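J.: The file below is start_30.tsv, TSV, C-alpha atoms:
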chain	number	residue	atom	x	y	z
R	1	MET	CA	120.64	111.76	93.36
R	2	THR	CA	121.38	109.32	96.13
R	3	ILE	CA	119.17	109.33	99.22
R	4	ARG	CA	121.31	109.36	102.36
R	5	TRP	CA	120.38	108.32	105.87
R	6	ARG	CA	120.35	111.10	108.46
R	7	LYS	CA	120.00	110.76	112.20
R	8	GLU	CA	116.73	112.73	112.00
R	9	MET	CA	115.24	109.71	110.22
R	10	SER	CA	115.75	107.46	113.24
R	11	VAL	CA	112.63	106.14	114.96
R	12	GLY	CA	114.67	104.97	117.95
R	13	ASN	CA	114.43	101.25	117.23
R	14	ALA	CA	117.64	99.62	115.99
R	15	TRP	CA	115.83	97.04	113.84
R	16	ILE	CA	113.51	99.49	112.11
R	17	ASP	CA	116.33	102.00	111.59
R	18	HIS	CA	118.56	99.29	110.11
R	19	ASP	CA	115.77	98.22	107.78
R	20	HIS	CA	115.19	101.78	106.66
R	21	LYS	CA	118.90	102.24	105.93
R	22	TYR	CA	118.93	99.07	103.85
R	23	LEU	CA	115.74	100.02	101.99
R	24	LEU	CA	117.36	103.36	101.10
R	25	CYS	CA	120.37	101.44	99.82
R	26	LEU	CA	118.14	99.19	97.69
R	27	ILE	CA	116.29	102.18	96.24
R	28	ASN	CA	119.62	103.81	95.42
R	29	THR	CA	120.63	100.55	93.71
R	30	VAL	CA	117.43	100.51	91.64
R	31	GLU	CA	118.21	104.09	90.62
R	32	LEU	CA	121.69	103.06	89.50
R	33	ALA	CA	120.27	100.14	87.52
R	34	LEU	CA	117.79	102.49	85.84
R	35	LYS	CA	120.52	105.00	84.97
R	36	ALA	CA	122.75	102.30	83.51
R	37	GLY	CA	120.18	101.83	80.77
R	38	ASP	CA	121.52	98.54	79.44
R	39	GLN	CA	121.30	96.65	82.73
R	40	GLU	CA	117.73	95.37	82.50
R	41	GLU	CA	118.57	92.05	84.14
R	42	PHE	CA	120.10	93.91	87.08
R	43	LEU	CA	117.01	96.16	87.22
R	44	ILE	CA	114.70	93.16	87.53
R	45	TYR	CA	116.96	91.61	90.18
R	46	THR	CA	117.14	94.82	92.25
R	47	LEU	CA	113.38	95.36	92.05
R	48	ASP	CA	112.91	91.78	93.29
R	49	GLN	CA	115.32	92.43	96.15
R	50	LEU	CA	113.54	95.67	97.06
R	51	GLN	CA	110.16	93.96	97.02
R	52	ASP	CA	111.36	90.98	99.09
R	53	TYR	CA	113.11	93.10	101.71
R	54	THR	CA	110.15	95.45	101.97
R	55	VAL	CA	107.93	92.47	102.82
R	56	GLU	CA	110.44	91.39	105.48
R	57	HIS	CA	110.72	94.91	106.91
R	58	PHE	CA	106.96	95.47	107.08
R	59	GLY	CA	106.52	92.16	108.88
R	60	ARG	CA	109.13	93.12	111.47
R	61	GLU	CA	107.71	96.62	111.86
R	62	GLU	CA	104.19	95.28	112.33
R	63	ARG	CA	105.37	92.83	115.03
R	64	ILE	CA	107.00	95.72	116.87
R	65	MET	CA	103.86	97.85	116.55
R	66	ARG	CA	101.77	95.05	118.05
R	67	LYS	CA	104.22	94.64	120.94
R	68	ILE	CA	104.11	98.32	121.81
R	69	GLN	CA	100.34	98.40	121.24
R	70	TYR	CA	100.67	101.16	118.67
R	71	PRO	CA	97.26	102.86	118.42
R	72	LYS	CA	97.59	103.57	114.68
R	73	TYR	CA	98.50	99.97	113.84
R	74	ALA	CA	95.54	99.25	111.53
R	75	ALA	CA	96.06	102.38	109.41
R	76	HIS	CA	99.82	101.79	109.30
R	77	LYS	CA	99.37	98.18	108.20
R	78	SER	CA	96.95	99.32	105.50
R	79	GLN	CA	99.61	101.70	104.18
R	80	HIS	CA	102.08	98.80	104.13
R	81	GLN	CA	99.67	96.75	102.04
R	82	GLU	CA	99.21	99.59	99.54
R	83	LEU	CA	102.97	100.09	99.26
R	84	LEU	CA	103.48	96.39	98.60
R	85	LYS	CA	100.81	96.49	95.88
R	86	THR	CA	102.58	99.49	94.34
R	87	LEU	CA	105.92	97.66	94.29
R	88	GLU	CA	104.38	94.52	92.86
R	89	THR	CA	102.53	96.53	90.22
R	90	LEU	CA	105.68	98.42	89.28
R	91	ARG	CA	107.67	95.17	89.05
R	92	GLY	CA	104.94	93.62	86.90
R	93	HIS	CA	104.90	96.53	84.46
R	94	VAL	CA	108.68	96.57	84.16
R	95	GLU	CA	108.57	92.82	83.58
R	96	LYS	CA	106.03	93.26	80.77
R	97	LEU	CA	108.27	95.82	79.08
R	98	LEU	CA	111.37	93.66	79.38
R	99	PRO	CA	110.09	90.14	78.58
R	100	THR	CA	113.27	88.81	77.03
R	101	VAL	CA	115.32	89.85	80.03
R	102	VAL	CA	112.87	88.28	82.46
R	103	ASP	CA	112.83	85.08	80.39
R	104	ALA	CA	116.64	84.95	80.55
R	105	VAL	CA	116.59	85.38	84.34
R	106	ALA	CA	113.92	82.66	84.64
R	107	ASP	CA	116.02	80.31	82.45
R	108	GLU	CA	119.01	80.96	84.72
R	109	ALA	CA	116.83	80.18	87.74
R	110	LYS	CA	115.72	76.87	86.23
R	111	ALA	CA	119.32	75.93	85.45
R	112	ALA	CA	120.40	76.57	89.04
R	113	VAL	CA	117.73	74.37	90.60
R	114	LYS	CA	119.26	71.61	92.70
R	115	ALA	CA	118.62	67.94	92.01
R	116	ASP	CA	115.96	67.93	94.75
R	117	GLY	CA	114.03	70.64	92.94
R	118	ASP	CA	114.83	73.54	95.25
R	119	PRO	CA	116.90	76.51	94.13
R	120	ASP	CA	120.18	77.10	95.92
R	121	PRO	CA	119.04	79.66	98.54
R	122	GLY	CA	122.13	81.83	98.01
R	123	SER	CA	121.84	82.02	94.24
R	124	ALA	CA	120.34	84.69	92.05
R	125	ALA	CA	118.11	81.92	90.78
R	126	ALA	CA	116.41	81.63	94.15
R	127	ALA	CA	115.53	85.32	94.01
R	128	ALA	CA	114.36	84.97	90.40
R	129	THR	CA	112.23	81.88	90.95
R	130	PRO	CA	108.61	82.85	90.32
R	131	ARG	CA	106.33	82.99	93.33
R	132	GLU	CA	102.71	81.86	93.30
R	133	ASP	CA	101.41	85.34	94.10
R	134	ASP	CA	103.39	87.24	91.38
R	135	GLY	CA	100.77	89.07	89.42
R	136	ASP	CA	97.79	88.73	91.76
R	137	ALA	CA	98.14	92.33	92.91
R	138	ILE	CA	99.32	93.82	89.62
R	139	ALA	CA	95.88	95.31	89.00
R	140	GLY	CA	96.02	97.18	92.34
R	141	LEU	CA	97.36	100.58	91.36
R	142	GLY	CA	97.43	100.22	87.59
R	143	ALA	CA	96.37	103.77	86.77
R	144	ASP	CA	99.14	105.33	88.86
R	145	ILE	CA	101.81	103.01	87.53
R	146	ASP	CA	100.55	103.29	83.94
R	147	ALA	CA	101.15	107.02	84.16
R	148	LEU	CA	104.81	106.32	84.88
R	149	LEU	CA	105.40	104.12	81.87
R	150	GLU	CA	105.26	105.12	78.25
R	151	PRO	CA	104.26	102.41	75.80
R	152	GLY	CA	107.31	100.28	75.07
R	153	SER	CA	109.68	102.11	77.39
R	154	VAL	CA	110.43	102.66	81.05
R	155	ASP	CA	110.19	106.22	82.40
R	156	ARG	CA	113.24	105.80	84.61
R	157	ASP	CA	112.98	109.19	86.34
R	158	ALA	CA	109.33	108.61	87.24
R	159	ILE	CA	110.14	105.21	88.77
R	160	VAL	CA	112.94	106.71	90.87
R	161	ASP	CA	110.64	109.54	91.98
R	162	LEU	CA	107.95	107.02	92.97
R	163	LEU	CA	110.39	104.93	95.02
R	164	ARG	CA	111.91	107.96	96.71
R	165	HIS	CA	108.47	109.33	97.50
R	166	TRP	CA	107.20	106.17	99.16
R	167	ILE	CA	110.33	105.49	101.23
R	168	LEU	CA	110.66	109.07	102.42
R	169	ASP	CA	106.94	109.34	103.21
R	170	HIS	CA	107.07	105.99	104.96
R	171	VAL	CA	110.08	106.91	107.10
R	172	LEU	CA	109.67	110.65	107.63
R	173	LYS	CA	105.93	110.83	108.06
R	174	THR	CA	104.38	107.52	109.01
R	175	ASP	CA	107.12	105.75	110.98
R	176	LEU	CA	108.39	108.79	112.87
R	177	GLU	CA	104.95	108.99	114.49
R	178	MET	CA	105.94	105.85	116.42
R	179	LYS	CA	109.08	107.46	117.88
R	180	PRO	CA	107.53	108.80	121.13
R	181	LEU	CA	106.02	105.42	121.97
R	182	LEU	CA	109.14	103.50	120.87
R	183	SER	CA	111.27	105.64	123.19
R	184	ARG	CA	109.67	103.83	126.15
R	185	TYR	CA	111.10	100.48	124.99
R	186	PRO	CA	114.60	99.10	124.50
R	187	SER	CA	116.14	100.08	121.16
R	188	GLU	CA	116.63	96.39	120.29
R	189	LEU	CA	112.94	95.45	120.66
R	190	VAL	CA	111.86	93.07	117.90
Please express the file's structure as structure tokens.
T.:
Amino acid sequence: MTIRWRKEMSVGNAWIDHDHKYLLCLINTVELALKAGDQEEFLIYTLDQLQDYTVEHFGREERIMRKIQYPKYAAHKSQHQELLKTLETLRGHVEKLLPTVVDAVADEAKAAVKADGDPDPGSAAAAATPREDDGDAIAGLGADIDALLEPGSVDRDAIVDLLRHWILDHVLKTDLEMKPLLSRYPSELV
């Protein structure tokens, strides 16, 4: 079931609201990739996109919190770090279950590397190029993620439930607490 943006989800900051809308879109895309069943390469790609955009969003949100001197900044940032570990752990487990697909995406990334050694920034290869920190945080929430995955298969419904849970908790509980303070600032504050 697709998660849809509602005006009640707005925190009153155009940037944060836009990010939340896009994160919902990415989670819906991951759900579609999981339902397709035979689209493992697309699943890996969408999980990478979700992880990358979440990092970007949290950075922007944390800058805004510092500017408005949000009193719950430290706790909020800690939640961001845990969510990022969860996404990285989830991506790592899916990658382990789908090694041939990940290898194919990595081969495509290598083939798309420019003569100077950098991937074309607009290509899928750039998104698939391994990062130095991939795997450092995989141990973070292993027990929770392990419960979602059966040996040799991906529990697609459990992954969708996990993603829905974190985005809705993040938006509806944690971020909406900023709304009263954000209302004192221009909606376009970055």
J.: What is the CA of Leu24 in chain R to CA of Asp175 in chain R distance in Å?
T.: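 Separating CA of Leu24 in chain R from CA of Asp175 in chain R is a distance of 14.4 Å.
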J.: Work out how far apart CA of Leu181 in chain R and CA of Lys21 in chain R are and give it in Å to one decimal.
T.: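 Value for the CA of Leu181 in chain R-CA of Lys21 in chain R distance: 20.8 Å.
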J.: Within 10 Å of Glu177 in chain R, counting all atoms listed in the file, which residues show up once you throw out same-chain ones fewer than 5 positions away? Write them as a list in words, please.
T.: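 My list of contacting residues is Val11, Tyr70, Lys72, Val171, Leu172 and Leu182 of chain R.
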J.: Just the residues within 12 Å of Gln51 in chain R, please, counting all atoms listed in the file, with nothing from its chain fewer than 6 positions along; format it as a list in words.
T.: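 With the cut-off at 12 Å, the set is Leu23, Leu26, Ile27, Val30, Ile44, Tyr45, His57, Phe58, His80, Gln81, Leu83, Leu84, Lys85, Thr86, Leu87, Glu88, Thr89, Leu90, Arg91, Gly92, Ala127, Ala128, Asp134 and Leu163 of chain R.
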J.: One number please: CA of Pro186 in chain R to CA of Asn13 in chain R, in Å, one decimal.
T.: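 These two atoms are separated by 7.6 Å.
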J.: For Arg164 in chain R, please output as a list in words all residues within 10 Å (counting all atoms listed in the file; exclusion window: fewer than 5 positions along the same chain).
T.: Thr2, Ile3, Leu24, Ile27, Asn28, Glu31, Ala158, Ile159, Asp169 and His170 of chain R
J.: Hey, which of R:Ala14, R:His93, R:Trp5, R:Glu62 ends up closest to Ser78 in chain R? Count only C-alpha atoms.
T.: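 Smallest distance to Ser78 in chain R is found for R:Glu62.
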J.: Identify which of the residues R:Glu41, R:Glu188, R:Asp19, R:Asp52 lies closest to Ile167 in chain R, counting all atoms listed in the file when measuring atom-to-atom distances.
T.: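 Closest to Ile167 in chain R of all the choices is R:Asp19.
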J.: Can you work out which one of R:Lys35, R:Thr29, R:Arg156, R:Gly12 has the shortest atom-to-atom distance to Pro180 in chain R, counting only C-alpha atoms?
T.: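 Result for the nearest residue to Pro180 in chain R: R:Gly12.
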J.: Using only C-alpha atoms for the distances, tell me which of R:Ile68, R:Leu189, R:Leu168, R:Leu162 is nearest to Arg4 in chain R.
T.: R:Leu168
J.: N, CA and C atoms are needed for range 175-186 of chain R; please write them out as a JSON list (two decimals), in the frame of the given file.
T.:
[["chain", "number", "residue", "atom", "x", "y", "z"],
["R", 175, "ASP", "N", 106.38, 106.46, 109.93],
["R", 175, "ASP", "CA", 107.12, 105.75, 110.98],
["R", 175, "ASP", "C", 107.60, 106.66, 112.10],
["R", 176, "LEU", "N", 107.93, 107.89, 111.80],
["R", 176, "LEU", "CA", 108.39, 108.79, 112.87],
["R", 176, "LEU", "C", 107.28, 109.08, 113.88],
["R", 177, "GLU", "N", 106.03, 108.84, 113.52],
["R", 177, "GLU", "CA", 104.95, 108.99, 114.49],
["R", 177, "GLU", "C", 105.05, 107.98, 115.63],
["R", 178, "MET", "N", 105.77, 106.88, 115.39],
["R", 178, "MET", "CA", 105.94, 105.85, 116.42],
["R", 178, "MET", "C", 107.04, 106.21, 117.43],
["R", 179, "LYS", "N", 107.88, 107.16, 117.08],
["R", 179, "LYS", "CA", 109.08, 107.46, 117.88],
["R", 179, "LYS", "C", 108.77, 107.73, 119.36],
["R", 180, "PRO", "N", 107.79, 108.56, 119.70],
["R", 180, "PRO", "CA", 107.53, 108.80, 121.13],
["R", 180, "PRO", "C", 107.18, 107.53, 121.90],
["R", 181, "LEU", "N", 106.39, 106.67, 121.30],
["R", 181, "LEU", "CA", 106.02, 105.42, 121.97],
["R", 181, "LEU", "C", 107.20, 104.45, 122.00],
["R", 182, "LEU", "N", 107.97, 104.39, 120.92],
["R", 182, "LEU", "CA", 109.14, 103.50, 120.87],
["R", 182, "LEU", "C", 110.20, 103.90, 121.89],
["R", 183, "SER", "N", 110.25, 105.17, 122.24],
["R", 183, "SER", "CA", 111.27, 105.64, 123.19],
["R", 183, "SER", "C", 111.09, 105.04, 124.59],
["R", 184, "ARG", "N", 109.93, 104.46, 124.87],
["R", 184, "ARG", "CA", 109.67, 103.83, 126.15],
["R", 184, "ARG", "C", 110.18, 102.40, 126.22],
["R", 185, "TYR", "N", 110.68, 101.88, 125.09],
["R", 185, "TYR", "CA", 111.10, 100.48, 124.99],
["R", 185, "TYR", "C", 112.58, 100.41, 124.64],
["R", 186, "PRO", "N", 113.19, 99.26, 124.90],
["R", 186, "PRO", "CA", 114.60, 99.10, 124.50],
["R", 186, "PRO", "C", 114.76, 99.25, 122.98]]
